[in-house]
Amino acid sequence: MGKIELIKGDITQLEVDAIVNAANSTLRGGGGVDGAIHRAAGPKLLEECLQITEKIGYCPTGEAVITGAGNLKCKYVIHTVGPIWKGGSYGEEFLLRISYINSLKLAKEYSLKVIAFPNISTGAYGFPKKLACEIAVSAVKEFLLQNPEIERVIFVCYDQENYEIYQKYLTNE
Ligand code: ADP
């Protein structure tokens, strides 16, 4: 089974097969990690995103699309739209889970081996961080068990709070 790793830092700096972007459904960039990825990648990334939205309109919550990576060091960017937390009774847990799963399915389709995730939905979208960590880790573990061709998934925590939550969860599990 593929490995799970945890690092604290900026996902835009990673030399992996794909980094995942916590995008919004317009795919036009935004704040947080989305803004950081678009800034670091340059205009080519937005151009590719706009080509996709011309075809599909917008990217629904829980779905994922893939583009090249512009000036980034990784090969691809997988853009997924996590759910906005609205209290927990709007399918948020399911939608967060399928954001991770659909991102990994795309990675598999493209034969990618090393994929890095940010902590989807835990910034502006307000998803409770501990619950998001539990969902992310269990979704990724399940996918790795069923898809041994994926070699490594890296959880990239940018804020100290998420890093400590992941560290604790991954060591105690
Ligand atoms: P969302 O709208 O899905 O909540 P945000 O970008 O607001 O997306 O936040 C998601 C997570 O991304 C947060 O935990 C935030 O700390 C983290 N983040 C922000 N910038 C970066 C970065 N450069 N690299 C990795 N993670 C980042």
# chains A, B, ... in the order shown; residues from 1 in each chain; ligands from 1
$ select_by_dssp --residues "stretch 98-131 of chain A" --states "helix (DSSP H, G or I)" --output "MDAnalysis selection string"
chainID A and resid 98:109 129:131
$ write_last_selection --atoms "all heavy atoms" --output "short mmCIF file (atom, residue, chain, number, x, y, z; two decimals), in the first residue's frame"
data_model
loop_
_atom_site.label_atom_id
_atom_site.label_comp_id
_atom_site.auth_asym_id
_atom_site.auth_seq_id
_atom_site.Cartn_x
_atom_site.Cartn_y
_atom_site.Cartn_z
N ILE A 98 -15.68 12.82 -1.05
CA ILE A 98 -15.59 12.58 -2.50
C ILE A 98 -14.65 13.58 -3.20
O ILE A 98 -14.14 13.28 -4.27
CB ILE A 98 -16.96 12.45 -3.21
CG1 ILE A 98 -17.76 13.73 -3.13
CG2 ILE A 98 -17.76 11.26 -2.68
CD1 ILE A 98 -18.95 13.72 -4.08
N SER A 99 -14.40 14.73 -2.60
CA SER A 99 -13.37 15.63 -3.15
C SER A 99 -12.01 14.92 -3.16
O SER A 99 -11.26 15.00 -4.13
CB SER A 99 -13.23 16.89 -2.31
OG SER A 99 -14.28 17.78 -2.57
N TYR A 100 -11.71 14.27 -2.04
CA TYR A 100 -10.44 13.52 -1.97
C TYR A 100 -10.46 12.34 -2.93
O TYR A 100 -9.50 12.12 -3.69
CB TYR A 100 -10.17 13.05 -0.53
CG TYR A 100 -9.62 14.15 0.35
CD1 TYR A 100 -10.45 14.96 1.11
CD2 TYR A 100 -8.25 14.40 0.40
CE1 TYR A 100 -9.95 15.99 1.89
CE2 TYR A 100 -7.74 15.42 1.19
CZ TYR A 100 -8.59 16.21 1.94
OH TYR A 100 -8.08 17.23 2.70
N ILE A 101 -11.55 11.58 -2.91
CA ILE A 101 -11.63 10.37 -3.76
C ILE A 101 -11.58 10.74 -5.25
O ILE A 101 -10.84 10.12 -6.02
CB ILE A 101 -12.92 9.56 -3.44
CG1 ILE A 101 -12.92 9.08 -1.98
CG2 ILE A 101 -13.12 8.41 -4.43
CD1 ILE A 101 -11.98 7.95 -1.65
N ASN A 102 -12.35 11.73 -5.65
CA ASN A 102 -12.37 12.10 -7.07
C ASN A 102 -11.02 12.65 -7.52
O ASN A 102 -10.60 12.44 -8.66
CB ASN A 102 -13.50 13.10 -7.35
CG ASN A 102 -14.85 12.42 -7.39
OD1 ASN A 102 -14.96 11.26 -7.78
ND2 ASN A 102 -15.90 13.12 -6.97
N SER A 103 -10.30 13.33 -6.64
CA SER A 103 -8.95 13.81 -6.97
C SER A 103 -8.02 12.62 -7.20
O SER A 103 -7.23 12.59 -8.16
CB SER A 103 -8.39 14.67 -5.84
OG SER A 103 -9.21 15.79 -5.61
N LEU A 104 -8.13 11.63 -6.33
CA LEU A 104 -7.27 10.45 -6.46
C LEU A 104 -7.63 9.62 -7.70
O LEU A 104 -6.75 9.05 -8.35
CB LEU A 104 -7.35 9.60 -5.19
CG LEU A 104 -6.65 10.24 -3.98
CD1 LEU A 104 -7.01 9.51 -2.70
CD2 LEU A 104 -5.13 10.26 -4.18
N LYS A 105 -8.91 9.58 -8.01
CA LYS A 105 -9.32 8.85 -9.23
C LYS A 105 -8.70 9.49 -10.47
O LYS A 105 -8.23 8.78 -11.37
CB LYS A 105 -10.85 8.88 -9.38
CG LYS A 105 -11.55 7.86 -8.52
CD LYS A 105 -13.05 7.88 -8.83
CE LYS A 105 -13.78 6.87 -7.97
NZ LYS A 105 -15.25 7.12 -7.97
N LEU A 106 -8.67 10.81 -10.51
CA LEU A 106 -8.03 11.50 -11.65
C LEU A 106 -6.54 11.22 -11.68
O LEU A 106 -5.97 10.98 -12.75
CB LEU A 106 -8.23 13.01 -11.51
CG LEU A 106 -9.35 13.67 -12.28
CD1 LEU A 106 -9.30 15.18 -12.07
CD2 LEU A 106 -9.24 13.36 -13.78
N ALA A 107 -5.92 11.24 -10.52
CA ALA A 107 -4.49 10.93 -10.44
C ALA A 107 -4.22 9.54 -10.99
O ALA A 107 -3.28 9.32 -11.77
CB ALA A 107 -4.01 11.04 -8.99
N LYS A 108 -5.07 8.62 -10.64
CA LYS A 108 -4.91 7.24 -11.11
C LYS A 108 -5.08 7.17 -12.63
O LYS A 108 -4.29 6.53 -13.33
CB LYS A 108 -5.94 6.36 -10.42
CG LYS A 108 -5.86 4.91 -10.82
CD LYS A 108 -6.96 4.11 -10.18
CE LYS A 108 -7.00 2.74 -10.83
NZ LYS A 108 -8.03 1.89 -10.23
N GLU A 109 -6.10 7.85 -13.14
CA GLU A 109 -6.35 7.88 -14.58
C GLU A 109 -5.14 8.38 -15.35
O GLU A 109 -4.86 7.93 -16.45
CB GLU A 109 -7.48 8.87 -14.84
CG GLU A 109 -8.71 8.30 -15.48
CD GLU A 109 -9.77 9.39 -15.58
OE1 GLU A 109 -9.74 10.17 -16.56
OE2 GLU A 109 -10.58 9.47 -14.64
N LYS A 129 -11.67 21.50 11.56
CA LYS A 129 -10.39 20.93 11.13
C LYS A 129 -10.19 19.47 11.54
O LYS A 129 -9.67 18.68 10.76
CB LYS A 129 -9.24 21.81 11.66
CG LYS A 129 -9.19 23.15 10.94
CD LYS A 129 -8.07 24.03 11.42
CE LYS A 129 -8.04 25.32 10.60
NZ LYS A 129 -7.07 26.30 11.10
N LYS A 130 -10.59 19.13 12.74
CA LYS A 130 -10.35 17.75 13.19
C LYS A 130 -11.20 16.77 12.37
O LYS A 130 -10.70 15.73 11.92
CB LYS A 130 -10.63 17.62 14.69
CG LYS A 130 -10.30 16.27 15.24
CD LYS A 130 -10.07 16.28 16.74
CE LYS A 130 -9.71 14.89 17.24
NZ LYS A 130 -10.86 13.98 17.16
N LEU A 131 -12.45 17.12 12.20
CA LEU A 131 -13.34 16.27 11.41
C LEU A 131 -12.83 16.16 9.96
O LEU A 131 -12.82 15.08 9.37
CB LEU A 131 -14.76 16.86 11.44
CG LEU A 131 -15.85 16.11 10.69
CD1 LEU A 131 -15.98 14.67 11.20
CD2 LEU A 131 -17.19 16.84 10.83
#
$ residues_near_ligand --ligand "ligand 1" --cutoff "8 Å" --atoms "only C-alpha atoms and all ligand atoms" --output "ChimeraX atom specification"
/A:9-12,22-24,31-37,81-84,117-127,129,156-159,162
$ select_by_dssp --residues "stretch 9-51 of chain A" --states "strand (DSSP E)" --output "number ranges by chain"
A: 18-23
$ atom_distance --atom1 "atom CA of A:Glu48" --atom2 "atom CA of A:Asp17"
17.6 Å
$ atom_distance --atom1 "atom CA of A:Cys59" --atom2 "atom CA of A:Arg28"
10.7 Å
$ atom_distance --atom1 "atom CA of A:Ala40" --atom2 "atom CA of A:Ile135"
28.3 Å
$ residues_around --residues "A:Thr67" --least-positions-apart "4" --cutoff "8 Å" --atoms "only C-alpha atoms" --output "list of chain:residue names"
A:Leu45, A:Glu48, A:Cys49, A:Tyr76, A:Val77, A:Ile78, A:His79
